[in-house]
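See below for coords.cif, which holds mmCIF, C-alpha atoms (C1' of nucleotides).
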```cif
data_input
#
loop_
_atom_site.label_atom_id
_atom_site.label_comp_id
_atom_site.auth_asym_id
_atom_site.auth_seq_id
_atom_site.Cartn_x
_atom_site.Cartn_y
_atom_site.Cartn_z
CA MET A 1 0.00 0.00 0.00
CA THR A 2 1.50 3.27 -1.11
CA PRO A 3 1.16 6.32 1.16
CA GLU A 4 -1.13 7.87 -1.42
CA LEU A 5 -3.50 4.91 -1.45
CA ILE A 6 -3.41 4.85 2.34
CA GLY A 7 -4.47 8.47 2.36
CA ILE A 8 -7.38 7.81 0.04
CA VAL A 9 -8.58 4.82 2.01
CA ALA A 10 -8.20 6.78 5.26
CA GLY A 11 -10.43 9.47 3.79
CA ARG A 12 -13.12 6.88 3.18
CA PHE A 13 -12.90 5.54 6.72
CA LYS A 14 -12.94 9.05 8.12
CA ALA A 15 -16.19 9.70 6.28
CA LEU A 16 -17.73 6.74 8.09
CA GLY A 17 -16.15 7.76 11.38
CA GLU A 18 -18.81 10.31 12.11
CA PRO A 19 -21.99 9.28 13.95
CA ALA A 20 -24.12 11.78 12.02
CA ARG A 21 -23.10 10.28 8.70
CA LEU A 22 -23.62 6.71 9.85
CA GLU A 23 -27.00 7.81 11.11
CA ILE A 24 -27.87 9.14 7.68
CA LEU A 25 -26.66 5.99 5.95
CA ASN A 26 -28.62 3.91 8.41
CA ALA A 27 -31.76 5.91 7.69
CA LEU A 28 -31.28 5.20 3.99
CA ARG A 29 -31.22 1.48 4.65
CA ASP A 30 -34.85 1.05 3.60
CA GLY A 31 -34.72 3.18 0.46
CA GLU A 32 -34.33 6.64 -0.95
CA MET A 33 -35.17 9.71 1.09
CA THR A 34 -35.25 13.44 0.47
CA VAL A 35 -33.08 15.83 2.46
CA THR A 36 -36.05 17.03 4.49
CA GLU A 37 -37.07 13.49 5.30
CA LEU A 38 -33.55 12.79 6.49
CA VAL A 39 -33.64 15.94 8.59
CA ASP A 40 -36.84 14.75 10.25
CA GLU A 41 -35.58 11.20 10.63
CA THR A 42 -32.22 12.06 12.15
CA GLY A 43 -33.01 15.26 14.04
CA LEU A 44 -29.98 16.96 12.49
CA GLY A 45 -30.09 20.45 11.01
CA GLN A 46 -30.86 20.91 7.32
CA ALA A 47 -27.55 22.53 6.42
CA ASN A 48 -25.77 19.86 8.37
CA VAL A 49 -27.52 17.00 6.60
CA SER A 50 -26.93 18.61 3.23
CA LYS A 51 -23.23 18.96 3.89
CA HIS A 52 -22.88 15.38 5.06
CA LEU A 53 -24.74 14.22 1.97
CA GLN A 54 -22.37 16.15 -0.29
CA LEU A 55 -19.42 14.39 1.27
CA LEU A 56 -21.03 10.96 1.17
CA HIS A 57 -21.97 11.50 -2.45
CA SER A 58 -18.53 12.75 -3.46
CA LEU A 59 -17.06 9.56 -2.00
CA GLY A 60 -19.60 7.37 -3.74
CA PHE A 61 -21.45 6.17 -0.67
CA VAL A 62 -24.83 7.56 -1.72
CA SER A 63 -26.65 8.08 -5.00
CA ARG A 64 -28.36 11.34 -5.89
CA ARG A 65 -31.49 11.76 -8.00
CA LYS A 66 -33.17 15.06 -8.51
CA ASP A 67 -36.90 15.25 -9.13
CA GLY A 68 -38.38 18.70 -9.29
CA LEU A 69 -37.79 20.51 -6.05
CA PHE A 70 -36.74 17.35 -4.26
CA VAL A 71 -33.47 15.49 -4.22
CA TYR A 72 -33.63 11.83 -3.42
CA TYR A 73 -30.58 10.27 -1.85
CA GLY A 74 -30.07 6.54 -1.58
CA LEU A 75 -27.39 4.03 -0.71
CA ALA A 76 -25.00 3.53 -3.60
CA ASP A 77 -24.50 -0.10 -2.58
CA ARG A 78 -24.49 -2.37 0.45
CA ASP A 79 -20.77 -2.05 1.20
CA VAL A 80 -21.43 0.21 4.14
CA PHE A 81 -23.29 -2.56 5.85
CA ARG A 82 -20.62 -5.11 5.08
CA LEU A 83 -18.14 -2.77 6.74
CA CYS A 84 -20.39 -2.21 9.73
CA ASP A 85 -20.97 -5.94 10.03
CA ILE A 86 -17.25 -6.53 10.38
CA MET A 87 -17.04 -3.85 13.07
CA CYS A 88 -20.02 -5.29 14.91
CA ALA A 89 -18.54 -8.77 14.78
CA ARG A 90 -15.42 -7.33 16.37
CA LEU A 91 -17.52 -5.74 19.09
CA GLU A 92 -19.22 -9.04 19.80
CA ALA A 93 -15.89 -10.83 20.00
CA GLU A 94 -14.64 -8.18 22.42
CA THR A 95 -17.72 -8.48 24.55
CA HIS A 96 -17.40 -12.26 24.74
CA ALA A 97 -13.76 -12.03 25.65
CA ARG A 98 -14.57 -9.57 28.40
CA ARG A 99 -17.35 -11.76 29.70
CA ARG A 100 -15.00 -14.71 29.87
CA ALA A 101 -12.42 -12.61 31.69
CA LEU A 102 -15.00 -11.55 34.25
CA ALA A 103 -16.30 -15.08 34.69
CA GLY A 104 -12.81 -16.40 35.42
CA ARG A 105 -11.99 -13.75 37.93
CA MET B 1 -28.84 0.19 14.89
CA THR B 2 -29.27 2.24 18.05
CA PRO B 3 -27.59 5.65 18.25
CA GLU B 4 -25.27 4.26 20.90
CA LEU B 5 -24.10 1.42 18.69
CA ILE B 6 -23.70 3.84 15.82
CA GLY B 7 -21.46 5.96 17.99
CA ILE B 8 -19.30 3.02 18.94
CA VAL B 9 -18.95 1.84 15.35
CA ALA B 10 -18.19 5.39 14.23
CA GLY B 11 -15.38 5.51 16.77
CA ARG B 12 -13.87 2.41 15.18
CA PHE B 13 -14.06 3.88 11.70
CA LYS B 14 -12.63 7.14 12.91
CA ALA B 15 -9.63 5.29 14.30
CA LEU B 16 -8.98 3.91 10.80
CA GLY B 17 -9.66 7.28 9.23
CA GLU B 18 -6.22 8.57 9.98
CA PRO B 19 -3.38 7.96 7.51
CA ALA B 20 -0.79 7.69 10.28
CA ARG B 21 -2.68 4.87 11.92
CA LEU B 22 -3.29 2.99 8.69
CA GLU B 23 0.41 3.42 7.99
CA ILE B 24 1.21 1.80 11.32
CA LEU B 25 -1.22 -1.05 10.74
CA ASN B 26 0.20 -1.56 7.28
CA ALA B 27 3.72 -1.75 8.70
CA LEU B 28 2.54 -4.46 11.09
CA ARG B 29 1.27 -6.55 8.20
CA ASP B 30 4.36 -8.75 8.23
CA GLY B 31 4.59 -9.30 11.97
CA GLU B 32 5.22 -7.72 15.34
CA MET B 33 7.32 -4.59 15.67
CA THR B 34 8.61 -2.46 18.54
CA VAL B 35 7.68 1.18 18.88
CA THR B 36 11.12 2.28 17.75
CA GLU B 37 10.97 0.05 14.70
CA LEU B 38 7.61 1.55 13.82
CA VAL B 39 9.06 5.03 14.26
CA ASP B 40 11.83 4.17 11.81
CA GLU B 41 9.47 2.45 9.40
CA THR B 42 6.86 5.19 9.29
CA GLY B 43 8.94 8.31 9.85
CA LEU B 44 6.53 9.51 12.52
CA GLY B 45 7.63 10.88 15.89
CA GLN B 46 8.02 8.49 18.80
CA ALA B 47 5.40 10.12 21.02
CA ASN B 48 3.06 10.22 18.08
CA VAL B 49 3.46 6.55 17.28
CA SER B 50 3.03 5.66 20.93
CA LYS B 51 -0.22 7.59 21.16
CA HIS B 52 -1.61 6.04 18.01
CA LEU B 53 -0.70 2.62 19.32
CA GLN B 54 -2.52 3.29 22.58
CA LEU B 55 -5.67 4.12 20.67
CA LEU B 56 -5.38 1.17 18.30
CA HIS B 57 -4.78 -1.13 21.24
CA SER B 58 -7.68 0.25 23.27
CA LEU B 59 -9.97 -0.46 20.31
CA GLY B 60 -8.60 -3.95 19.85
CA PHE B 61 -6.86 -3.43 16.54
CA VAL B 62 -3.38 -4.32 17.77
CA SER B 63 -1.93 -6.70 20.34
CA ARG B 64 0.66 -5.62 22.89
CA ARG B 65 3.44 -7.77 24.32
CA LYS B 66 6.10 -6.44 26.61
CA ASP B 67 9.54 -8.02 26.67
CA GLY B 68 12.12 -6.32 28.80
CA LEU B 69 12.67 -2.80 27.57
CA PHE B 70 10.77 -3.40 24.36
CA VAL B 71 7.09 -3.47 23.61
CA TYR B 72 6.04 -5.51 20.63
CA TYR B 73 2.88 -4.51 18.85
CA GLY B 74 1.15 -6.71 16.31
CA LEU B 75 -2.09 -6.95 14.39
CA ALA B 76 -4.87 -8.35 16.55
CA ASP B 77 -6.43 -9.97 13.49
CA ARG B 78 -6.85 -9.54 9.74
CA ASP B 79 -10.09 -7.58 9.90
CA VAL B 80 -8.30 -4.36 9.05
CA PHE B 81 -7.31 -5.79 5.71
CA ARG B 82 -10.77 -7.11 5.00
CA LEU B 83 -12.04 -3.59 5.61
CA CYS B 84 -9.37 -2.03 3.42
CA ASP B 85 -10.09 -4.58 0.70
CA ILE B 86 -13.69 -3.47 0.56
CA MET B 87 -12.61 0.15 0.29
CA CYS B 88 -10.10 -0.66 -2.42
CA ALA B 89 -12.70 -2.62 -4.37
CA ARG B 90 -14.88 0.49 -4.23
CA LEU B 91 -12.01 2.59 -5.52
CA GLU B 92 -11.50 0.23 -8.42
CA ALA B 93 -15.18 0.30 -9.27
CA GLU B 94 -15.10 4.09 -9.20
CA THR B 95 -12.07 4.19 -11.43
CA HIS B 96 -13.64 1.86 -13.96
CA ALA B 97 -16.84 3.88 -14.00
CA ARG B 98 -14.85 7.05 -14.59
CA ARG B 99 -12.86 5.43 -17.34
CA ARG B 100 -16.07 4.35 -19.07
CA ALA B 101 -17.46 7.85 -18.73
CA LEU B 102 -14.35 9.31 -20.33
CA ALA B 103 -14.35 6.74 -23.11
CA GLY B 104 -17.94 7.56 -24.03
CA ARG B 105 -17.41 11.25 -24.18
"C1'" DC C 1 -44.13 37.77 -12.73
"C1'" DC C 2 -43.91 37.08 -7.67
"C1'" DC C 3 -43.77 33.99 -3.93
"C1'" DC C 4 -43.09 29.73 -1.57
"C1'" DT C 5 -40.52 25.56 -0.69
"C1'" DA C 6 -36.49 22.39 -0.99
"C1'" DT C 7 -31.74 22.26 -1.25
"C1'" DA C 8 -27.04 24.14 -1.35
"C1'" DT C 9 -23.52 27.27 0.12
"C1'" DT C 10 -20.99 30.55 2.96
"C1'" DC C 11 -19.52 32.23 7.26
"C1'" DT C 12 -18.50 31.83 11.95
"C1'" DC C 13 -17.76 29.58 16.21
"C1'" DA C 14 -16.54 25.82 19.13
"C1'" DT C 15 -14.38 21.59 19.72
"C1'" DA C 16 -11.49 17.68 18.86
"C1'" DT C 17 -7.20 15.95 17.92
"C1'" DA C 18 -2.65 15.18 15.38
"C1'" DG C 19 1.85 16.53 16.10
"C1'" DT C 20 5.79 18.00 18.98
"C1'" DC C 21 8.55 18.89 23.09
"C1'" DG C 22 9.95 17.85 27.43
"C1'" DT C 23 9.88 14.73 30.94
"C1'" DA C 24 8.82 10.66 33.78
"C1'" DC C 25 9.04 5.88 34.33
"C1'" DA C 26 10.69 1.13 33.69
"C1'" DG C 27 14.13 -2.29 32.72
"C1'" DG C 28 18.92 -3.76 31.71
"C1'" DG C 29 23.90 -3.43 31.81
"C1'" DA C 30 28.39 -1.59 33.68
"C1'" DT D 1 24.53 1.74 42.74
"C1'" DC D 2 24.30 4.95 38.56
"C1'" DC D 3 23.54 5.45 33.72
"C1'" DC D 4 21.40 4.41 29.28
"C1'" DT D 5 17.65 3.14 26.41
"C1'" DG D 6 12.78 2.32 25.17
"C1'" DT D 7 8.26 3.63 26.07
"C1'" DA D 8 4.52 6.43 27.92
"C1'" DC D 9 2.55 10.69 29.49
"C1'" DG D 10 1.38 15.68 30.13
"C1'" DA D 11 1.11 20.25 28.22
"C1'" DC D 12 0.87 23.05 24.37
"C1'" DT D 13 -0.02 24.58 19.49
"C1'" DA D 14 -1.91 24.33 15.06
"C1'" DT D 15 -5.27 22.58 12.24
"C1'" DA D 16 -9.43 20.39 10.77
"C1'" DT D 17 -14.13 20.07 10.91
"C1'" DG D 18 -18.97 19.55 12.84
"C1'" DA D 19 -22.84 22.50 13.97
"C1'" DG D 20 -25.78 26.38 13.30
"C1'" DA D 21 -27.33 31.00 11.26
"C1'" DA D 22 -27.98 33.52 7.38
"C1'" DT D 23 -28.13 33.65 2.67
"C1'" DA D 24 -28.21 32.02 -2.14
"C1'" DT D 25 -30.09 29.16 -5.72
"C1'" DA D 26 -33.44 26.34 -8.11
"C1'" DG D 27 -37.91 24.78 -9.23
"C1'" DG D 28 -42.91 24.87 -9.14
"C1'" DG D 29 -47.54 27.15 -8.36
"C1'" DG D 30 -50.49 31.23 -8.07
#
```
Full structure transcribed into C-alpha cells:
Amino acid sequence: MTPELIGIVAGRFKALGEPARLEILNALRDGEMTVTELVDETGLGQANVSKHLQLLHSLGFVSRRKDGLFVYYGLADRDVFRLCDIMCARLEAETHARRRALAGR
Amino acid sequence: MTPELIGIVAGRFKALGEPARLEILNALRDGEMTVTELVDETGLGQANVSKHLQLLHSLGFVSRRKDGLFVYYGLADRDVFRLCDIMCARLEAETHARRRALAGR
DNA sequence: CCCCTATATTCTCATATAGTCGTACAGGGA
DNA sequence: TCCCTGTACGACTATATGAGAATATAGGGG
C-alpha cells in the first residue's frame, strides 16, 4: 500500500467515522429519502444533513437523484453494511472475551 | 442500529480514518514490531506513534506484548485488511466507471 | 411575474485531535 | 549503585471540521 492509497482509504474511513453520517446511511437502509425526510428522521439540522450528503456522495457512498424541487438520496451499494458488520462482529468478540475474563476472575 | 451502537462503530471507523494509523497497521502486516521500529518504518515521531498505538490497542486493533525494555505490537487480526479490501474494491469500481465515462465522451 | 418551498452554500464559532517537546518511568547493563 | 535506552505521558499549538445561522439558488404554483 502506497502512502497515497493509504491516504485515500483513510479518507473513506474518516467519512464513516462520524456518527451523524452513519445515522444518515442507516436511515437510507430502507430506500431513498429526500433531504427534508432525512432531517426529520435524524433530528440533524438541514444545512448539516446537506453537507454530510455532499461528502457521502462525493465519495460514492450515496446516490443522488433530482426530481423537481426534491433530491432523493439513496445508498449507492451495500458495502457500508458489510463494513459495519465486520465492526459489529469485532464488538461481539470483544464483549465475549470480556465476559470470559469476568467469569474467570 | 441504536444511536449508541452507531457511535461506537463510528469511533472504530474514525480510528482507521487517519493515515498515520493505517500506515502503522500496514507496517505491522508482516509481523510484530517495537515502537522504535515503527518510528523508523513510518517516519513519525516516537510520542506520536506511541499515542496512536494506545488508541489502536484500546480499540482492539493491535496486540501488545512487553519483553524487557521493548514493547512488541502486532495486528490483533486480519479484519483491518478485509475492511481495506472493501474500500479498495470500491475505488477500483469508481475508477472503472470514470474510465467508461471518459471513453464515451 | 412574484412567492413559496427544498436544497445548497458561505460564514463563523466551538471543539477535537494530530503533532511535537519535554519529561517521567521502567528495565537492563556496567 | 548509577547510567542508558525504550516507552509512555502531560502540556501546548496548530489545524481540521462539525454544527448552526444567514443567505443564495433552483424549481414549481399562483
Requested in this report: Can you give me, as a list in words, the residues this file yields under the PyMOL selection byres ((chain C) within 9 of (chain A))?
Outcome: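 On this input, the PyMOL selection byres ((chain C) within 9 of (chain A)) captures DT5, DA6, DT7, DA8 and DT9 of chain C.
Going from CA of Gly74 in chain A to CA of Leu22 in chain B covers 28.9 Å.
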Counting all atoms listed in the file, a student should be able to say which residues of chain A come within 6 Å of chain B; what is the right answer, written as a ChimeraX atom specification?
/A:7,10-11,13-14,16-19
List the residues matched by the PyMOL selection byres ((chain D and resi 3) around 12) in the displayed structure as a short mmCIF file (atom, residue, chain, number, x, y, z; two decimals) with C-alpha atoms (C1' of nucleotides), in the frame of the given file, ordered by chain and then by residue number.
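Listing of out.cif after writing:
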```cif
data_model
loop_
_atom_site.label_atom_id
_atom_site.label_comp_id
_atom_site.auth_asym_id
_atom_site.auth_seq_id
_atom_site.Cartn_x
_atom_site.Cartn_y
_atom_site.Cartn_z
"C1'" DG C 28 18.92 -3.76 31.71
"C1'" DG C 29 23.90 -3.43 31.81
"C1'" DA C 30 28.39 -1.59 33.68
"C1'" DT D 1 24.53 1.74 42.74
"C1'" DC D 2 24.30 4.95 38.56
"C1'" DC D 4 21.40 4.41 29.28
"C1'" DT D 5 17.65 3.14 26.41
#
```
Select all residues from chain D having any atom no more than 9 Å from an atom of chain B (counting all atoms listed in the file, ignoring ligands), output as a list in words. DT5, DG6, DT7, DA8 and DC9 of chain D
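Distance-wise, CA of Asn48 in chain B and C1' of DG10 in chain D end up 13.3 Å apart.
Pairwise distance (CA of Val39 in chain A, C1' of DG28 in chain D) equals 21.9 Å.
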Who sits within 9 Å of Leu28 in chain A, only C-alpha atoms (C1' of nucleotides), same chain under 2 positions skipped, as an mmCIF file with C-alpha atoms, in the frame of the given file:
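Heads up, here's the output in part.cif:
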```cif
data_model
loop_
_atom_site.group_PDB
_atom_site.id
_atom_site.type_symbol
_atom_site.label_atom_id
_atom_site.label_comp_id
_atom_site.auth_asym_id
_atom_site.auth_seq_id
_atom_site.Cartn_x
_atom_site.Cartn_y
_atom_site.Cartn_z
ATOM 1 C CA GLU A 23 -27.000 7.810 11.110
ATOM 2 C CA ILE A 24 -27.870 9.140 7.680
ATOM 3 C CA LEU A 25 -26.660 5.990 5.950
ATOM 4 C CA ASN A 26 -28.620 3.910 8.410
ATOM 5 C CA ASP A 30 -34.850 1.050 3.600
ATOM 6 C CA GLY A 31 -34.720 3.180 0.460
ATOM 7 C CA GLU A 32 -34.330 6.640 -0.950
ATOM 8 C CA MET A 33 -35.170 9.710 1.090
ATOM 9 C CA LEU A 38 -33.550 12.790 6.490
ATOM 10 C CA VAL A 62 -24.830 7.560 -1.720
ATOM 11 C CA TYR A 73 -30.580 10.270 -1.850
ATOM 12 C CA GLY A 74 -30.070 6.540 -1.580
ATOM 13 C CA LEU A 75 -27.390 4.030 -0.710
#
```
Any chance you could work out the axis-aligned box around range 12-18 of chain A, listed atoms only, 5 Å on each side, giving centre and edge lengths in Å to one decimal, as lines of an AutoDock Vina configuration file?
```
center_x = -15.9
center_y = 7.9
center_z = 7.6
size_x = 15.9
size_y = 14.8
size_z = 18.9
```
Any chance you could build range 34-58 of chain B out to N, CA and C atoms and write it as a tab-separated table (two decimals), in the coordinates of the input?
```tsv
chain	number	residue	atom	x	y	z
B	34	THR	N	8.51	-3.32	17.35
B	34	THR	CA	8.61	-2.46	18.54
B	34	THR	C	8.23	-1.04	18.14
B	35	VAL	N	8.04	-0.21	19.14
B	35	VAL	CA	7.68	1.18	18.88
B	35	VAL	C	8.77	1.86	18.06
B	36	THR	N	10.00	1.64	18.45
B	36	THR	CA	11.12	2.28	17.75
B	36	THR	C	11.19	1.83	16.30
B	37	GLU	N	10.97	0.55	16.08
B	37	GLU	CA	10.97	0.05	14.70
B	37	GLU	C	9.87	0.73	13.89
B	38	LEU	N	8.71	0.90	14.51
B	38	LEU	CA	7.61	1.55	13.82
B	38	LEU	C	7.93	3.01	13.54
B	39	VAL	N	8.64	3.64	14.47
B	39	VAL	CA	9.06	5.03	14.26
B	39	VAL	C	9.95	5.11	13.03
B	40	ASP	N	10.93	4.18	12.96
B	40	ASP	CA	11.83	4.17	11.81
B	40	ASP	C	11.08	3.88	10.52
B	41	GLU	N	10.20	2.90	10.60
B	41	GLU	CA	9.47	2.45	9.40
B	41	GLU	C	8.54	3.52	8.84
B	42	THR	N	7.89	4.25	9.75
B	42	THR	CA	6.86	5.19	9.29
B	42	THR	C	7.35	6.63	9.18
B	43	GLY	N	8.46	6.94	9.87
B	43	GLY	CA	8.94	8.31	9.85
B	43	GLY	C	8.19	9.24	10.77
B	44	LEU	N	7.28	8.69	11.56
B	44	LEU	CA	6.53	9.51	12.52
B	44	LEU	C	7.34	9.70	13.80
B	45	GLY	N	6.94	10.66	14.62
B	45	GLY	CA	7.63	10.88	15.89
B	45	GLY	C	7.31	9.77	16.88
B	46	GLN	N	8.19	9.58	17.84
B	46	GLN	CA	8.02	8.49	18.80
B	46	GLN	C	6.77	8.68	19.64
B	47	ALA	N	6.58	9.87	20.17
B	47	ALA	CA	5.40	10.12	21.02
B	47	ALA	C	4.13	9.91	20.21
B	48	ASN	N	4.21	10.34	18.97
B	48	ASN	CA	3.06	10.22	18.08
B	48	ASN	C	2.70	8.76	17.85
B	49	VAL	N	3.69	7.97	17.52
B	49	VAL	CA	3.46	6.55	17.28
B	49	VAL	C	2.89	5.91	18.55
B	50	SER	N	3.47	6.25	19.67
B	50	SER	CA	3.03	5.66	20.93
B	50	SER	C	1.55	5.97	21.18
B	51	LYS	N	1.18	7.22	20.93
B	51	LYS	CA	-0.22	7.59	21.16
B	51	LYS	C	-1.15	6.84	20.22
B	52	HIS	N	-0.77	6.76	18.96
B	52	HIS	CA	-1.61	6.04	18.01
B	52	HIS	C	-1.75	4.58	18.42
B	53	LEU	N	-0.65	4.02	18.91
B	53	LEU	CA	-0.70	2.62	19.32
B	53	LEU	C	-1.63	2.43	20.52
B	54	GLN	N	-1.61	3.39	21.44
B	54	GLN	CA	-2.52	3.29	22.58
B	54	GLN	C	-3.96	3.21	22.09
B	55	LEU	N	-4.28	4.10	21.16
B	55	LEU	CA	-5.67	4.12	20.67
B	55	LEU	C	-6.01	2.82	19.95
B	56	LEU	N	-5.12	2.39	19.07
B	56	LEU	CA	-5.38	1.17	18.30
B	56	LEU	C	-5.52	-0.03	19.23
B	57	HIS	N	-4.72	-0.02	20.29
B	57	HIS	CA	-4.78	-1.13	21.24
B	57	HIS	C	-6.07	-1.08	22.05
B	58	SER	N	-6.47	0.12	22.46
B	58	SER	CA	-7.68	0.25	23.27
B	58	SER	C	-8.91	-0.18	22.47
```
